[in-house]
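Peer 1: Sharing a structure, written as structure tokens. Questions coming.
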Amino acid sequence: MITLKNSTVTATITEQGAQLKKLTALKNQLDYVATQSDSILFPAIGKSYQDTYEYQDRHYQMPIHGFAKDAIWQIFSQSSDQVTLKLTDNEISRANYPFYFQFLVTYRLLADGIDVQYHLTNMGNVTMAFSLCSLIESA
């Protein structure tokens, strides 16, 4: 678990799924994020027919909403009020998603909330097919 804090808010983020689990105003201890509500959906949104898809005449498995929500992300950089987490392709991911990528998500605390930025880079030399969505529900 990663904890970020400034003078007005604190946030808890997990390396698994790079998920924002808690965002709390320090003044009134109000939690703005519902439990288990944050998910980064990549490289797929929704469910594929029979959990498979075809790319260049080959069939690949893809879990519902992709694999980013379940992956362990690495800390790329961190300060007291900001963290950037990184997910990159590997042998396991390429078995079912044959693309080379680097995906960064940055959580930065503001005076009255949090700013979330996504940066996805295609590290290969072919067009990379993907879908991306982030679901964060307020409490």
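Identifiers for the structure tokens are assigned positionally: chains receive A, B, ... in sequence, residues are indexed from 1 per chain, and ligands are indexed from 1 in the order shown.
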Residues within 9 Å of Leu109 of chain A, please, as a PyMOL selection string. Count only C-alpha atoms; anything in the same chain fewer than 6 positions from it doesn't count.
Peer 2: chain A and resi 4-6+9-11+81-82+115-116
Peer 1: Just want the 12 Å neighbourhood of Phe101 of chain A, counted on only C-alpha atoms, with same-chain residues fewer than 5 positions away dropped. Output as a list in words.
Peer 2: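 Counting only C-alpha atoms, the residues come to Phe42, Pro43, Lys86, Leu87, Thr88, Asp89, Asn90, Ser93, Arg94, His119, Leu120, Thr121, Asn122, Met123, Gly124, Asn125, Val126, Thr127, Met128, Ala129 and Phe130 of chain A.
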Peer 1: Next, the residues of the selection above should be written as a tab-separated table (two decimals), in the first residue's frame with N, CA and C atoms.
Peer 2:
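So out.tsv came out as:
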chain	number	residue	atom	x	y	z
A	42	PHE	N	-7.73	-2.24	-18.86
A	42	PHE	CA	-6.79	-2.23	-19.98
A	42	PHE	C	-6.25	-3.63	-20.16
A	43	PRO	N	-6.06	-4.11	-21.33
A	43	PRO	CA	-6.27	-3.51	-22.64
A	43	PRO	C	-7.64	-3.77	-23.23
A	86	LYS	N	4.01	2.02	-12.72
A	86	LYS	CA	4.32	1.59	-14.08
A	86	LYS	C	3.95	0.13	-14.29
A	87	LEU	N	3.34	-0.14	-15.44
A	87	LEU	CA	3.05	-1.50	-15.88
A	87	LEU	C	3.67	-1.65	-17.26
A	88	THR	N	4.48	-2.69	-17.44
A	88	THR	CA	5.08	-2.95	-18.74
A	88	THR	C	4.77	-4.37	-19.17
A	89	ASP	N	4.87	-4.59	-20.47
A	89	ASP	CA	4.65	-5.93	-20.99
A	89	ASP	C	5.74	-6.87	-20.45
A	90	ASN	N	5.43	-8.14	-20.47
A	90	ASN	CA	6.39	-9.17	-20.10
A	90	ASN	C	6.02	-10.45	-20.84
A	93	SER	N	2.32	-11.44	-20.17
A	93	SER	CA	1.32	-10.59	-20.82
A	93	SER	C	1.33	-10.77	-22.34
A	94	ARG	N	2.52	-10.93	-22.93
A	94	ARG	CA	2.61	-11.06	-24.39
A	94	ARG	C	2.03	-12.38	-24.89
A	119	HIS	N	-0.55	7.64	-18.99
A	119	HIS	CA	0.35	7.79	-20.12
A	119	HIS	C	0.69	6.40	-20.63
A	120	LEU	N	0.18	6.07	-21.81
A	120	LEU	CA	0.40	4.76	-22.41
A	120	LEU	C	1.30	4.93	-23.62
A	121	THR	N	2.39	4.17	-23.66
A	121	THR	CA	3.34	4.25	-24.77
A	121	THR	C	3.45	2.91	-25.46
A	122	ASN	N	3.28	2.92	-26.77
A	122	ASN	CA	3.50	1.73	-27.59
A	122	ASN	C	5.01	1.61	-27.79
A	123	MET	N	5.62	0.58	-27.22
A	123	MET	CA	7.07	0.39	-27.30
A	123	MET	C	7.46	-0.49	-28.49
A	124	GLY	N	6.48	-0.95	-29.25
A	124	GLY	CA	6.75	-1.81	-30.40
A	124	GLY	C	6.72	-1.04	-31.70
A	125	ASN	N	6.77	-1.79	-32.79
A	125	ASN	CA	6.79	-1.17	-34.11
A	125	ASN	C	5.54	-1.51	-34.93
A	126	VAL	N	4.48	-1.98	-34.26
A	126	VAL	CA	3.20	-2.23	-34.93
A	126	VAL	C	2.12	-1.44	-34.19
A	127	THR	N	1.03	-1.18	-34.87
A	127	THR	CA	-0.09	-0.50	-34.23
A	127	THR	C	-0.62	-1.37	-33.10
A	128	MET	N	-0.80	-0.75	-31.94
A	128	MET	CA	-1.22	-1.47	-30.75
A	128	MET	C	-2.73	-1.27	-30.54
A	129	ALA	N	-3.46	-2.36	-30.55
A	129	ALA	CA	-4.90	-2.30	-30.30
A	129	ALA	C	-5.14	-2.33	-28.80
A	130	PHE	N	-6.02	-1.45	-28.30
A	130	PHE	CA	-6.34	-1.45	-26.88
A	130	PHE	C	-7.60	-0.64	-26.63
Peer 1: Using the chain letters and numbers from this document, which residues of segment 40-111 of chain A does DSSP assign to strand (DSSP E), as a PyMOL selection string?
Peer 2: chain A and resi 40-41+52-55+58-61+74-79+82-88+101-110
Peer 1: Counting only C-alpha atoms, what is within 6 Å of Thr106 of chain A, bar same-chain residues fewer than 6 positions away, as a list in words?
Peer 2: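 So the residues in contact are Val83, Thr84, Val116 and Gln117 of chain A.
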Peer 1: As an exercise, work out the distance from atom CA of Cys133 of chain A to atom CA of Ala44 of chain A in Å and give it to one decimal place.
Peer 2: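 Computed distance, atom CA of Cys133 of chain A to atom CA of Ala44 of chain A, equals 8.6 Å.
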Peer 1: Restricting the calculation to only C-alpha atoms: of A:Gly113, A:Gly46, A:Pro98, A:Pro63, which residue gets closest to Asp31 of chain A?
Peer 2: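 Answer, going by the shortest atom-to-atom distance: A:Gly113.
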Peer 1: Sorted by chain and rising residue number, which residues of segment 40-62 of chain A lie within 12 Å of segment 66-72 of chain A, and what are their closest atom pairs and distances in Å to one decimal, counting only C-alpha atoms, as CSV?
Peer 2:
residue,atom,partner,partner_atom,distance
A:Ile40,CA,A:Lys69,CA,5.4
A:Leu41,CA,A:Gly66,CA,6.0
A:Phe42,CA,A:Gly66,CA,5.0
A:Pro43,CA,A:Gly66,CA,5.1
A:Ala44,CA,A:Gly66,CA,4.6
A:Ile45,CA,A:Gly66,CA,6.6
A:Gly46,CA,A:Gly66,CA,8.0
A:Lys47,CA,A:Gly66,CA,8.6
A:Ser48,CA,A:Gly66,CA,9.7
A:Asp51,CA,A:Gly66,CA,9.9
A:Thr52,CA,A:Gly66,CA,11.0
A:Tyr53,CA,A:Gly66,CA,11.7
A:Tyr60,CA,A:Gly66,CA,11.8
A:Gln61,CA,A:Gly66,CA,9.6
A:Met62,CA,A:Gly66,CA,6.0
Peer 1: Given the selection you just returned, output its residues as a file containing N, CA, C and O atoms, formatted as a compact mmCIF listing (two decimals), in the first residue's frame.
Peer 2:
# COMPACT_ATOMS: atom_id res chain seq x y z
N ILE A 40 -8.57 0.12 -13.22
CA ILE A 40 -8.06 0.54 -14.52
C ILE A 40 -8.31 -0.63 -15.46
O ILE A 40 -7.78 -1.72 -15.26
N LEU A 41 -9.14 -0.40 -16.46
CA LEU A 41 -9.50 -1.44 -17.42
C LEU A 41 -8.62 -1.28 -18.65
O LEU A 41 -8.72 -0.30 -19.38
N PHE A 42 -7.73 -2.24 -18.86
CA PHE A 42 -6.79 -2.23 -19.98
C PHE A 42 -6.25 -3.63 -20.16
O PHE A 42 -5.99 -4.31 -19.17
N PRO A 43 -6.06 -4.11 -21.33
CA PRO A 43 -6.27 -3.51 -22.64
C PRO A 43 -7.64 -3.77 -23.23
O PRO A 43 -7.87 -3.54 -24.42
N ALA A 44 -8.57 -4.22 -22.39
CA ALA A 44 -9.92 -4.49 -22.87
C ALA A 44 -10.93 -3.93 -21.88
O ALA A 44 -10.67 -3.85 -20.69
N ILE A 45 -12.07 -3.55 -22.40
CA ILE A 45 -13.21 -3.13 -21.58
C ILE A 45 -14.34 -4.09 -21.90
O ILE A 45 -14.71 -4.26 -23.06
N GLY A 46 -14.87 -4.72 -20.89
CA GLY A 46 -15.95 -5.66 -21.11
C GLY A 46 -15.44 -7.07 -21.33
O GLY A 46 -14.30 -7.40 -21.02
N LYS A 47 -16.30 -7.88 -21.88
CA LYS A 47 -16.03 -9.31 -22.05
C LYS A 47 -16.00 -9.64 -23.53
O LYS A 47 -16.88 -9.26 -24.28
N SER A 48 -14.96 -10.38 -23.92
CA SER A 48 -14.87 -10.87 -25.29
C SER A 48 -15.67 -12.16 -25.42
O SER A 48 -15.82 -12.91 -24.45
N ASP A 51 -14.15 -15.22 -24.08
CA ASP A 51 -12.92 -14.69 -23.47
C ASP A 51 -11.71 -14.76 -24.42
O ASP A 51 -10.57 -14.89 -23.97
N THR A 52 -11.96 -14.68 -25.71
CA THR A 52 -10.87 -14.71 -26.69
C THR A 52 -11.06 -13.59 -27.71
O THR A 52 -12.15 -13.05 -27.87
N TYR A 53 -9.97 -13.27 -28.39
CA TYR A 53 -10.03 -12.35 -29.54
C TYR A 53 -9.00 -12.82 -30.56
O TYR A 53 -8.12 -13.63 -30.26
N TYR A 60 -6.20 -15.27 -28.99
CA TYR A 60 -5.60 -14.94 -27.70
C TYR A 60 -6.69 -14.93 -26.64
O TYR A 60 -7.84 -14.59 -26.91
N GLN A 61 -6.32 -15.25 -25.41
CA GLN A 61 -7.23 -15.18 -24.27
C GLN A 61 -7.20 -13.76 -23.69
O GLN A 61 -6.13 -13.14 -23.65
N MET A 62 -8.35 -13.28 -23.25
CA MET A 62 -8.40 -11.97 -22.60
C MET A 62 -9.47 -12.03 -21.51
O MET A 62 -10.64 -12.25 -21.79
Peer 1: Could you work out how far atom CA of Trp73 of chain A lies from atom CA of Gln16 of chain A, giving the answer in Å with one decimal?
Peer 2: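 Pair atom CA of Gln16 of chain A / atom CA of Trp73 of chain A returns 6.1 Å.
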Peer 1: Would you kindly return, as a ChimeraX atom specification, each protein, DNA or RNA residue with an atom no farther than 7 Å from any atom of Glu15 of chain A, considering only C-alpha atoms and excluding same-chain residues fewer than 2 positions away?
Peer 2: /A:1,13,17-18,72-74
Peer 1: Figure out the distance between atom CA of Arg58 of chain A and atom CA of Asn96 of chain A, please, to one decimal in Å.
Peer 2: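 Separation of atom CA of Asn96 of chain A and atom CA of Arg58 of chain A: 10.1 Å.
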Peer 1: With DSSP run on the backbone, what are the alpha helix (DSSP H) residues within chain A? I'd like them as a PyMOL selection string.
Peer 2: chain A and resi 91-96
Peer 1: For a quick check of understanding, using only C-alpha atoms, which of A:Leu20, A:Tyr100, A:His65, A:Tyr107 has the smallest distance to Ser80 of chain A?
Peer 2: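 Closest candidate: A:Tyr107.
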Peer 1: Here is a test: counting only C-alpha atoms, which residue of A:Leu85, A:Arg108, A:Lys21, A:Ser77 is nearest to Leu135 of chain A?
Peer 2: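 Ranked by minimum distance to Leu135 of chain A, first place goes to A:Lys21.
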Peer 1: Ranking A:Gln50, A:Tyr55, A:Tyr32, A:Ile2 by minimum distance to Gln19 of chain A and counting only C-alpha atoms, which one comes first?
Peer 2: A:Ile2
